[in-house]
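So this block is upload36.tsv, TSV, C-alpha atoms:
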chain	number	residue	atom	x	y	z
A	1	MET	CA	-122.32	102.78	2.71
A	2	ARG	CA	-123.30	99.55	4.50
A	3	GLU	CA	-121.87	100.35	7.90
A	4	TRP	CA	-122.59	96.97	9.49
A	5	LEU	CA	-120.08	95.41	7.13
A	6	GLN	CA	-117.34	97.52	8.74
A	7	ASP	CA	-118.08	96.19	12.23
A	8	PRO	CA	-115.30	93.88	13.55
A	9	ALA	CA	-118.03	91.49	14.71
A	10	THR	CA	-119.21	91.15	11.11
A	11	ARG	CA	-115.70	90.25	10.02
A	12	SER	CA	-115.57	87.53	12.67
A	13	ARG	CA	-118.96	86.17	11.62
A	14	LEU	CA	-118.19	86.18	7.89
A	15	ARG	CA	-114.80	84.57	8.30
A	16	GLY	CA	-116.38	82.17	10.78
A	17	SER	CA	-119.09	81.24	8.29
A	18	LEU	CA	-116.64	80.53	5.49
A	19	TYR	CA	-114.12	78.75	7.70
A	20	ALA	CA	-116.74	76.63	9.47
A	21	GLY	CA	-118.35	75.73	6.16
A	22	ALA	CA	-114.98	74.52	4.91
A	23	LEU	CA	-114.33	72.65	8.16
A	24	GLY	CA	-117.68	70.88	7.97
A	25	ASP	CA	-116.90	69.99	4.38
A	26	ALA	CA	-113.51	68.57	5.39
A	27	LEU	CA	-114.89	66.71	8.42
A	28	GLY	CA	-117.45	64.93	6.26
A	29	ALA	CA	-115.33	64.44	3.13
A	30	LYS	CA	-114.11	60.93	3.92
A	31	THR	CA	-117.47	59.42	4.85
A	32	GLU	CA	-119.93	60.88	2.35
A	33	PHE	CA	-122.86	58.44	2.12
A	34	ASP	CA	-121.20	55.88	4.38
A	35	SER	CA	-123.64	54.41	6.88
A	36	ILE	CA	-123.33	55.57	10.46
A	37	ASP	CA	-122.25	52.04	11.37
A	38	ARG	CA	-119.46	52.25	8.80
A	39	ILE	CA	-118.48	55.69	10.10
A	40	ARG	CA	-118.15	54.23	13.58
A	41	GLU	CA	-115.96	51.45	12.18
A	42	ILE	CA	-113.70	54.03	10.51
A	43	ALA	CA	-113.57	56.68	13.22
A	44	GLY	CA	-114.43	54.84	16.43
A	45	PRO	CA	-117.59	54.21	18.47
A	46	ALA	CA	-118.22	57.95	18.94
A	47	GLY	CA	-118.11	58.48	15.18
A	48	ILE	CA	-116.21	61.41	13.74
A	49	THR	CA	-114.59	63.41	16.53
A	50	GLY	CA	-112.04	65.32	14.45
A	51	LEU	CA	-110.46	65.57	11.05
A	52	ILE	CA	-109.71	62.27	9.34
A	53	PRO	CA	-107.63	61.89	6.17
A	54	ALA	CA	-109.39	62.40	2.84
A	55	TYR	CA	-108.02	63.17	-0.62
A	56	GLY	CA	-104.50	62.51	0.61
A	57	GLY	CA	-104.38	64.58	3.77
A	58	LEU	CA	-106.12	66.18	6.73
A	59	GLY	CA	-108.42	69.16	6.29
A	60	ARG	CA	-108.98	68.64	2.58
A	61	ILE	CA	-112.06	70.33	1.19
A	62	THR	CA	-114.42	69.13	-1.56
A	63	ASP	CA	-116.29	70.75	-4.42
A	64	ASP	CA	-118.67	72.30	-1.87
A	65	THR	CA	-116.06	74.73	-0.59
A	66	GLN	CA	-114.43	75.19	-3.98
A	67	MET	CA	-117.73	76.37	-5.47
A	68	THR	CA	-118.52	78.53	-2.44
A	69	LEU	CA	-115.28	80.40	-3.01
A	70	PHE	CA	-116.08	80.92	-6.68
A	71	THR	CA	-119.54	82.18	-5.68
A	72	LEU	CA	-117.97	84.82	-3.48
A	73	GLU	CA	-115.45	85.75	-6.15
A	74	GLY	CA	-118.23	86.13	-8.73
A	75	LEU	CA	-120.15	88.45	-6.39
A	76	ILE	CA	-117.09	90.60	-5.71
A	77	ARG	CA	-116.41	90.87	-9.43
A	78	ALA	CA	-120.01	91.83	-10.19
A	79	HIS	CA	-119.99	94.50	-7.48
A	80	ALA	CA	-116.60	95.85	-8.54
A	81	ALA	CA	-117.78	96.00	-12.14
A	82	ALA	CA	-120.84	98.00	-11.11
A	83	ARG	CA	-118.62	100.47	-9.22
A	84	ARG	CA	-116.32	100.79	-12.20
A	85	GLU	CA	-119.25	101.27	-14.57
A	86	GLN	CA	-120.20	104.38	-12.65
A	87	GLY	CA	-116.83	105.75	-13.68
A	88	THR	CA	-117.60	104.81	-17.33
A	89	PHE	CA	-114.76	102.27	-17.42
A	90	ALA	CA	-116.83	99.24	-18.39
A	91	ILE	CA	-120.31	97.79	-18.71
A	92	ALA	CA	-121.16	95.51	-15.81
A	93	GLU	CA	-122.64	92.09	-16.45
A	94	PRO	CA	-125.79	91.07	-14.57
A	95	VAL	CA	-124.75	89.42	-11.32
A	96	GLU	CA	-126.24	86.11	-12.46
A	97	GLN	CA	-123.88	86.15	-15.44
A	98	SER	CA	-120.94	86.91	-13.18
A	99	LEU	CA	-121.85	83.87	-11.09
A	100	GLN	CA	-122.23	81.74	-14.19
A	101	LEU	CA	-118.76	82.73	-15.38
A	102	ALA	CA	-117.33	82.12	-11.91
A	103	TYR	CA	-118.68	78.58	-12.04
A	104	GLN	CA	-117.20	78.13	-15.50
A	105	ARG	CA	-113.83	79.03	-14.00
A	106	TRP	CA	-114.41	76.41	-11.32
A	107	LEU	CA	-115.24	73.91	-14.07
A	108	HIS	CA	-111.85	74.63	-15.61
A	109	THR	CA	-110.16	73.77	-12.32
A	110	GLN	CA	-111.81	70.36	-12.55
A	111	GLY	CA	-109.88	69.33	-15.64
A	112	VAL	CA	-112.02	70.86	-18.39
A	113	SER	CA	-110.03	72.87	-20.90
A	114	TRP	CA	-110.65	76.61	-20.80
A	115	GLU	CA	-111.80	76.59	-24.40
A	116	ARG	CA	-114.55	74.11	-23.49
A	117	ALA	CA	-115.38	75.64	-20.12
A	118	ARG	CA	-115.52	79.36	-20.87
A	119	GLY	CA	-118.65	79.48	-23.07
A	120	PRO	CA	-119.01	80.62	-26.69
A	121	GLU	CA	-119.26	84.35	-25.91
A	122	ASN	CA	-116.04	84.41	-23.92
A	123	THR	CA	-113.01	84.57	-26.19
A	124	SER	CA	-110.38	85.17	-23.52
A	125	PRO	CA	-107.35	82.90	-24.01
A	126	GLU	CA	-107.21	82.02	-20.31
A	127	PRO	CA	-109.24	82.65	-17.14
A	128	ASP	CA	-108.42	85.80	-15.21
A	129	GLY	CA	-108.62	87.17	-11.70
A	130	TRP	CA	-106.83	86.32	-8.47
A	131	LEU	CA	-108.77	83.32	-7.19
A	132	ILE	CA	-107.93	81.00	-10.04
A	133	THR	CA	-104.21	81.64	-9.61
A	134	ASN	CA	-104.35	79.49	-6.46
A	135	ARG	CA	-103.28	76.14	-7.83
A	136	GLU	CA	-104.64	74.16	-4.88
A	137	LEU	CA	-108.08	74.69	-6.39
A	138	PHE	CA	-107.06	72.61	-9.40
A	139	SER	CA	-108.05	69.32	-7.82
A	140	ARG	CA	-111.10	67.23	-8.55
A	141	ARG	CA	-112.96	66.44	-5.33
A	142	ALA	CA	-115.99	64.35	-6.31
A	143	PRO	CA	-117.88	67.16	-8.07
A	144	GLY	CA	-121.64	66.75	-8.31
A	145	LEU	CA	-122.74	65.31	-11.63
A	146	THR	CA	-125.57	67.79	-12.06
A	147	CYS	CA	-123.34	70.83	-11.50
A	148	PHE	CA	-120.63	69.43	-13.71
A	149	GLY	CA	-122.97	68.44	-16.53
A	150	GLU	CA	-124.96	71.66	-16.64
A	151	LEU	CA	-121.81	73.82	-16.56
A	152	GLU	CA	-120.36	71.74	-19.39
A	153	ALA	CA	-123.59	72.35	-21.30
A	154	TYR	CA	-123.27	76.10	-20.77
A	155	GLY	CA	-119.72	75.86	-22.07
A	156	LYS	CA	-121.16	74.51	-25.33
A	157	THR	CA	-124.30	76.65	-25.71
A	158	GLY	CA	-123.80	79.80	-23.66
A	159	VAL	CA	-127.45	79.57	-22.59
A	160	ARG	CA	-127.93	80.60	-18.96
A	161	ALA	CA	-130.68	78.89	-16.97
A	162	GLY	CA	-132.76	80.41	-14.18
A	163	MET	CA	-135.95	80.07	-12.19
A	164	ALA	CA	-138.01	81.22	-15.18
A	165	LYS	CA	-136.12	78.87	-17.51
A	166	PRO	CA	-135.35	75.68	-15.56
A	167	VAL	CA	-132.43	73.68	-16.85
A	168	ASN	CA	-133.64	70.35	-15.42
A	169	ASN	CA	-135.77	68.95	-12.60
A	170	SER	CA	-132.95	68.41	-10.13
A	171	LYS	CA	-133.31	69.37	-6.49
A	172	GLY	CA	-129.85	68.14	-5.48
A	173	CYS	CA	-127.92	70.03	-2.82
A	174	GLY	CA	-125.35	71.34	-5.32
A	175	GLY	CA	-127.10	74.73	-5.32
A	176	ILE	CA	-127.42	75.33	-1.59
A	177	MET	CA	-123.94	74.07	-0.72
A	178	ARG	CA	-122.36	77.04	-2.55
A	179	ALA	CA	-124.90	79.80	-1.80
A	180	ALA	CA	-123.83	81.23	1.59
A	181	PRO	CA	-121.85	84.18	0.16
A	182	VAL	CA	-125.00	85.53	-1.54
A	183	ALA	CA	-125.89	86.81	1.94
A	184	LEU	CA	-123.51	89.72	1.33
A	185	TRP	CA	-125.02	90.92	-1.92
A	186	SER	CA	-127.71	93.26	-0.59
A	187	ASP	CA	-129.53	94.46	2.50
A	188	ASP	CA	-132.82	93.97	0.63
A	189	LEU	CA	-133.86	90.54	1.87
A	190	ALA	CA	-136.13	89.94	-1.11
A	191	GLU	CA	-133.13	90.50	-3.36
A	192	VAL	CA	-130.91	88.24	-1.26
A	193	PHE	CA	-133.51	85.48	-1.53
A	194	ARG	CA	-134.00	86.00	-5.25
A	195	LEU	CA	-130.30	85.92	-6.03
A	196	GLY	CA	-129.71	82.95	-3.75
A	197	ALA	CA	-132.38	81.07	-5.65
A	198	GLU	CA	-131.16	82.22	-9.07
A	199	SER	CA	-127.60	81.23	-8.22
A	200	ALA	CA	-128.76	77.67	-7.63
A	201	ALA	CA	-131.13	77.67	-10.62
A	202	LEU	CA	-128.13	78.02	-12.91
A	203	THR	CA	-127.69	74.27	-12.42
A	204	HIS	CA	-130.73	72.97	-10.49
A	205	GLY	CA	-134.23	73.44	-11.87
A	206	HIS	CA	-136.56	71.97	-9.21
A	207	PRO	CA	-138.04	74.51	-6.75
A	208	SER	CA	-136.61	72.63	-3.78
A	209	GLY	CA	-133.21	72.80	-5.44
A	210	TYR	CA	-133.23	76.59	-5.73
A	211	LEU	CA	-135.68	77.89	-3.12
A	212	SER	CA	-133.63	76.16	-0.43
A	213	SER	CA	-130.69	78.29	-1.55
A	214	GLY	CA	-132.72	81.47	-1.39
A	215	ALA	CA	-133.87	80.71	2.14
A	216	PHE	CA	-130.34	79.75	3.16
A	217	ALA	CA	-128.88	83.01	1.85
A	218	VAL	CA	-131.42	85.03	3.87
A	219	ILE	CA	-130.71	83.05	7.04
A	220	VAL	CA	-126.96	83.61	6.66
A	221	HIS	CA	-127.52	87.33	5.98
A	222	GLU	CA	-129.49	87.71	9.19
A	223	LEU	CA	-126.96	85.72	11.22
A	224	LEU	CA	-124.12	87.86	9.89
A	225	ARG	CA	-126.01	90.85	11.25
A	226	GLY	CA	-126.20	89.25	14.67
A	227	LYS	CA	-129.83	88.14	14.58
A	228	PRO	CA	-130.88	85.04	16.56
A	229	LEU	CA	-131.32	81.88	14.51
A	230	LEU	CA	-135.05	81.55	15.16
A	231	ASP	CA	-135.61	85.13	14.02
A	232	ALA	CA	-133.48	84.52	10.93
A	233	LEU	CA	-135.55	81.42	10.15
A	234	ALA	CA	-138.81	83.33	10.48
A	235	THR	CA	-137.54	86.03	8.13
A	236	ALA	CA	-136.39	83.47	5.56
A	237	ARG	CA	-139.66	81.57	5.86
A	238	ALA	CA	-141.62	84.74	5.07
A	239	GLU	CA	-139.61	85.20	1.86
A	240	LEU	CA	-139.80	81.51	0.98
A	241	GLU	CA	-143.58	81.43	1.10
A	242	LYS	CA	-143.81	84.11	-1.60
A	243	TYR	CA	-142.63	81.60	-4.21
A	244	PRO	CA	-144.59	78.84	-5.93
A	245	GLY	CA	-143.31	75.39	-5.10
A	246	HIS	CA	-142.13	76.32	-1.61
A	247	GLU	CA	-144.21	73.69	0.19
A	248	GLU	CA	-141.60	70.91	0.27
A	249	GLN	CA	-138.98	73.18	1.81
A	250	SER	CA	-141.48	74.70	4.21
A	251	VAL	CA	-142.50	71.27	5.48
A	252	ALA	CA	-138.86	70.24	5.87
A	253	LEU	CA	-138.16	73.32	8.00
A	254	ASP	CA	-141.25	72.60	10.11
A	255	GLN	CA	-139.92	69.09	10.72
A	256	ALA	CA	-136.55	70.47	11.78
A	257	LEU	CA	-138.15	72.90	14.22
A	258	ALA	CA	-140.34	70.16	15.70
A	259	LEU	CA	-137.41	67.78	16.09
A	260	SER	CA	-135.30	70.48	17.75
A	261	LYS	CA	-137.63	70.32	20.77
A	262	ASP	CA	-136.51	66.75	21.39
A	263	GLY	CA	-133.11	67.58	22.86
A	264	ALA	CA	-129.54	67.21	21.65
A	265	PRO	CA	-128.88	65.87	18.16
A	266	THR	CA	-128.01	62.25	17.47
A	267	PRO	CA	-127.30	60.52	14.15
A	268	GLU	CA	-130.53	58.59	14.48
A	269	LYS	CA	-132.62	61.72	15.03
A	270	LEU	CA	-130.84	63.59	12.26
A	271	GLU	CA	-131.50	60.83	9.75
A	272	THR	CA	-135.25	61.11	10.29
A	273	LEU	CA	-135.02	64.40	8.38
A	274	GLY	CA	-133.35	62.86	5.32
A	275	GLN	CA	-129.91	62.39	3.84
A	276	GLY	CA	-128.99	65.98	3.00
A	277	ASN	CA	-128.42	65.17	-0.66
A	278	VAL	CA	-131.29	67.38	-1.83
A	279	GLY	CA	-131.83	71.05	-1.18
A	280	GLU	CA	-134.67	70.90	1.31
A	281	THR	CA	-133.06	68.30	3.59
A	282	ALA	CA	-129.57	69.81	3.41
A	283	LEU	CA	-131.14	72.96	4.87
A	284	SER	CA	-133.48	71.30	7.35
A	285	MET	CA	-130.80	68.97	8.75
A	286	SER	CA	-128.35	71.85	9.11
A	287	VAL	CA	-130.92	74.07	10.79
A	288	TYR	CA	-131.84	71.26	13.20
A	289	VAL	CA	-128.23	70.81	14.29
A	290	ALA	CA	-127.70	74.57	14.65
A	291	LEU	CA	-130.82	74.83	16.81
A	292	THR	CA	-129.85	71.99	19.14
A	293	THR	CA	-126.21	72.86	19.87
A	294	THR	CA	-124.49	75.77	21.61
A	295	ASP	CA	-120.96	75.26	20.34
A	296	PRO	CA	-120.00	75.49	16.66
A	297	ASN	CA	-117.49	72.63	16.90
A	298	VAL	CA	-120.06	70.31	18.48
A	299	ALA	CA	-122.45	71.33	15.71
A	300	LEU	CA	-119.92	70.56	13.00
A	301	LEU	CA	-119.38	67.06	14.35
A	302	ALA	CA	-123.11	66.43	14.72
A	303	SER	CA	-123.73	67.61	11.16
A	304	VAL	CA	-121.40	65.00	9.61
A	305	ASN	CA	-122.18	61.97	11.79
A	306	HIS	CA	-124.98	60.43	9.75
A	307	SER	CA	-125.48	58.10	6.80
A	308	GLY	CA	-126.10	60.73	4.16
A	309	ASP	CA	-124.32	63.51	2.28
A	310	SER	CA	-122.06	64.35	5.19
A	311	ASP	CA	-119.73	66.84	3.53
A	312	SER	CA	-122.64	68.92	2.23
A	313	THR	CA	-124.57	68.99	5.50
A	314	GLY	CA	-121.28	69.78	7.24
A	315	SER	CA	-120.68	72.63	4.84
A	316	VAL	CA	-124.17	74.12	5.08
A	317	CYS	CA	-124.38	73.72	8.86
A	318	GLY	CA	-120.89	75.18	9.15
A	319	ASN	CA	-121.91	78.28	7.23
A	320	LEU	CA	-124.74	78.75	9.72
A	321	VAL	CA	-122.93	78.13	13.00
A	322	GLY	CA	-119.80	79.97	11.89
A	323	ALA	CA	-121.95	83.04	11.27
A	324	MET	CA	-123.63	82.56	14.64
A	325	TYR	CA	-120.52	82.20	16.80
A	326	GLY	CA	-117.69	83.79	14.82
A	327	GLU	CA	-114.21	82.79	13.81
A	328	GLU	CA	-112.75	82.85	17.32
A	329	GLU	CA	-114.95	80.00	18.55
A	330	LEU	CA	-113.75	77.50	15.94
A	331	GLU	CA	-111.38	74.69	16.88
A	332	THR	CA	-107.87	76.01	16.29
A	333	SER	CA	-106.31	72.63	15.65
A	334	TRP	CA	-108.75	72.07	12.79
A	335	LEU	CA	-108.14	75.48	11.27
A	336	VAL	CA	-104.39	74.84	11.27
A	337	GLU	CA	-104.95	71.81	9.03
A	338	LEU	CA	-107.62	73.38	6.81
A	339	GLU	CA	-106.75	73.45	3.13
A	340	LEU	CA	-106.86	76.88	1.47
A	341	SER	CA	-107.25	78.56	4.85
A	342	GLU	CA	-105.31	81.65	3.80
A	343	VAL	CA	-107.27	81.95	0.56
A	344	ILE	CA	-110.58	81.70	2.45
A	345	GLY	CA	-109.58	84.42	4.90
A	346	GLN	CA	-108.25	86.72	2.19
A	347	LEU	CA	-111.37	86.33	0.06
A	348	ALA	CA	-113.55	87.12	3.08
A	349	ASP	CA	-111.59	90.27	3.81
A	350	ASP	CA	-111.68	91.33	0.16
A	351	ALA	CA	-115.44	90.86	0.15
A	352	LEU	CA	-115.85	93.04	3.23
A	353	ALA	CA	-113.72	95.72	1.57
A	354	GLU	CA	-115.74	95.59	-1.64
A	355	PHE	CA	-119.21	95.45	-0.13
A	356	GLY	CA	-118.38	97.66	2.85
A	357	GLY	CA	-117.21	100.56	0.73
A	358	ASN	CA	-113.48	100.32	1.43
A	359	ALA	CA	-112.30	98.66	-1.76
A	360	PRO	CA	-109.57	100.37	-3.78
A	361	GLY	CA	-110.51	101.91	-7.08
A	362	ASP	CA	-107.20	101.30	-8.77
A	363	ASP	CA	-106.12	99.07	-11.62
A	364	ARG	CA	-104.60	96.48	-9.33
A	365	TRP	CA	-107.94	95.83	-7.62
A	366	TYR	CA	-109.75	95.59	-10.95
A	367	ALA	CA	-107.12	93.17	-12.21
A	368	ARG	CA	-107.64	91.12	-9.07
A	369	TYR	CA	-111.42	91.21	-9.58
A	370	PRO	CA	-112.02	91.97	-13.27
A	371	ALA	CA	-115.45	92.51	-14.70
A	372	HIS	CA	-115.97	89.28	-16.64
Could you show the structure in this file as structure tokens?
Amino acid sequence: MREWLQDPATRSRLRGSLYAGALGDALGAKTEFDSIDRIREIAGPAGITGLIPAYGGLGRITDDTQMTLFTLEGLIRAHAAARREQGTFAIAEPVEQSLQLAYQRWLHTQGVSWERARGPENTSPEPDGWLITNRELFSRRAPGLTCFGELEAYGKTGVRAGMAKPVNNSKGCGGIMRAAPVALWSDDLAEVFRLGAESAALTHGHPSGYLSSGAFAVIVHELLRGKPLLDALATARAELEKYPGHEEQSVALDQALALSKDGAPTPEKLETLGQGNVGETALSMSVYVALTTTDPNVALLASVNHSGDSDSTGSVCGNLVGAMYGEEELETSWLVELELSEVIGQLADDALAEFGGNAPGDDRWYARYPAH
């Protein structure tokens, strides 16, 4: 029994992490890769100061949050399957396969037929489980080409990639942007790092594309447990340095730490770290903002006011500061507008039930989170 997952403070931090990640995603959705000058033209001289319409409304999320939700669903399903296996009901898939299949379900929500998306070994006539019944997810929100293409390829071949079998040489931020829920998988930090990295390596084969995700998952795990950010960074750095190819991410984190000593964040300072469109800078920019702010809402705004991949840095930074400060500190007026807010909260609570040892063992739960 993982008692810390039953602490009310953990619930606040987990829900805060998921909500703030979605809010950062929504805050940056309209201005992804717009220059800071263009952002100031759109939103005013102070830049983005609140939600602005994107995808037809306020608070609309992008593929970053969609895929984060499917990551969490895949983890719940893998854990539930392992519990059920102990009762000889079924054979659990490896967790990496559960994540792969979760992403294939996301691919289906993006307009790909289930027959093409599911993979050759899956003969189910339609996708199952609770998450995919939420029709708001069936909306294409500028999905990353690498994620989309590699998941389509899996749909054809059924061949799962990983760190030992890289699928490409991409280090895009499509791996890290969805990896925060991996923090829940284990209390073994080496395992959290490994799975965070493997989850990204399903679609991104460059070390900076997957090691960033491993480090991120460890940081979020430590923040969910109430550890200070600097301590969480040191722990993640120790795991990161065990892996070949870590140097680019390590240098990027060093740059973020050095810049954090130069006072409050500005767009100009933030942009010296990069654009956030690759794994190592998505993490370093988000860490920098989290280190130099004391309010999660201020951090969210700082993380999207720059000329780069604003929705992804908003999402990653949001996952960090939401875990640091908790749900109650988030701007209520933004949460009211947030798309899929009820789904996010319910999925967080279901995850705490499953991983905290309070999940039901009945058929209804296993229909909600089936094994495959």
Could you make a table, as JSON lines, of the residues of segment 267-326 of chain A that have an atom within 8 Å of an atom of segment 64-79 of chain A, each with its nearest atom pair and distance in Å to one decimal, counting all atoms listed in the file, in chain and number order?
{"residue": "A:Asp311", "atom": "CA", "partner": "A:Asp64", "partner_atom": "CA", "distance": 7.8}
{"residue": "A:Ser312", "atom": "CA", "partner": "A:Asp64", "partner_atom": "CA", "distance": 6.6}
{"residue": "A:Ser315", "atom": "CA", "partner": "A:Asp64", "partner_atom": "CA", "distance": 7.0}
- Tell me which of A:Leu335, A:Ala234, A:Leu101, A:Leu352 sits closest to Trp185 of chain A, counting only C-alpha atoms.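 For Trp185 of chain A, the nearest of the candidates is A:Leu352.
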- With distances taken over all atoms listed in the file, which of A:Pro127, A:Pro267, A:Ala299, A:Ala359 is nearest to Arg40 of chain A?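 Answer, going by the shortest atom-to-atom distance: A:Pro267.
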- Item | Selected residue, from A:Gly172, A:Gly144, A:Pro296, A:Gly44, that lies nearest to Gly279 of chain A when counting only C-alpha atoms |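 Ranking A:Gly172, A:Gly144, A:Pro296, A:Gly44 by distance to Gly279 of chain A, first place goes to A:Gly172.
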Output as JSON lines one row per residue of segment 252-307 of chain A within 12 Å of segment 50-54 of chain A: the closest atom pair and its distance in Å to one decimal place, counting only C-alpha atoms, sorted by chain and residue number ascending.
{"residue": "A:Asn297", "atom": "CA", "partner": "A:Gly50", "partner_atom": "CA", "distance": 9.4}
{"residue": "A:Val298", "atom": "CA", "partner": "A:Gly50", "partner_atom": "CA", "distance": 10.3}
{"residue": "A:Leu300", "atom": "CA", "partner": "A:Gly50", "partner_atom": "CA", "distance": 9.6}
{"residue": "A:Leu301", "atom": "CA", "partner": "A:Gly50", "partner_atom": "CA", "distance": 7.5}
{"residue": "A:Ala302", "atom": "CA", "partner": "A:Gly50", "partner_atom": "CA", "distance": 11.1}
{"residue": "A:Val304", "atom": "CA", "partner": "A:Gly50", "partner_atom": "CA", "distance": 10.5}
{"residue": "A:Asn305", "atom": "CA", "partner": "A:Gly50", "partner_atom": "CA", "distance": 11.0}
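Minimum atom-to-atom distances from A:Ala43, A:Leu223, A:Ala201, A:Leu99 to Lys165 of chain A were compared using all atoms listed in the file, and the lowest value belongs to A:Ala201.
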- Find the distance between atom CA of Tyr19 of chain A and atom CA of Gly226 of chain A and write it in Å to one decimal. 17.5 Å
- Item | Given all atoms listed in the file as the counted atoms, nearest of A:Arg364, A:Pro120, A:Asp187, A:Asn134 to Tyr154 of chain A |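 Checking each of A:Arg364, A:Pro120, A:Asp187, A:Asn134 against Tyr154 of chain A, counting all atoms listed in the file, the winner is A:Pro120.
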- Message: Nearest residue to Arg140 of chain A out of A:Val95, A:Leu240, A:Leu107, A:Ala153, using all atoms listed in the file?
- Response: A:Leu107
- Message: Report, in Å to a single decimal, how far apart atom CA of Glu85 of chain A and atom CA of Glu191 of chain A are.
- Response: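 Distance reported for this atom pair: 20.8 Å.
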- Near-Ser139 of chain A list (12 Å; only C-alpha atoms; drop same-chain fewer than 6 positions) as number ranges by chain: A: 55-56, 60-63, 66, 106-112, 132, 339
- Message: If we count only C-alpha atoms and set the cut-off at 8 Å, which residues sit around Leu18 of chain A, ignoring sequence neighbours fewer than 5 positions away in its own chain? Please answer as a VMD selection string.
- Response: chain A and resid 318 to 319 322 344 348
- Task: Find the spatial neighbours of Leu291 of chain A, counting only C-alpha atoms, within a cut-off of 12 Å - ignore same-chain residues fewer than 6 positions away - and output them as a PyMOL selection string.
- Result: chain A and resi 228-233+253+256-265+284-285+298-299+302-303+317+320-321+324
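Using all atoms listed in the file, the protein and nucleic acid residues lying at most 7 Å from the point (-115.9, 67.1, 4.5) are Leu23, Gly24, Asp25, Ala26, Leu27, Gly28, Ala29, Lys30, Ile61, Thr62, Ser310, Asp311 and Gly314 of chain A.
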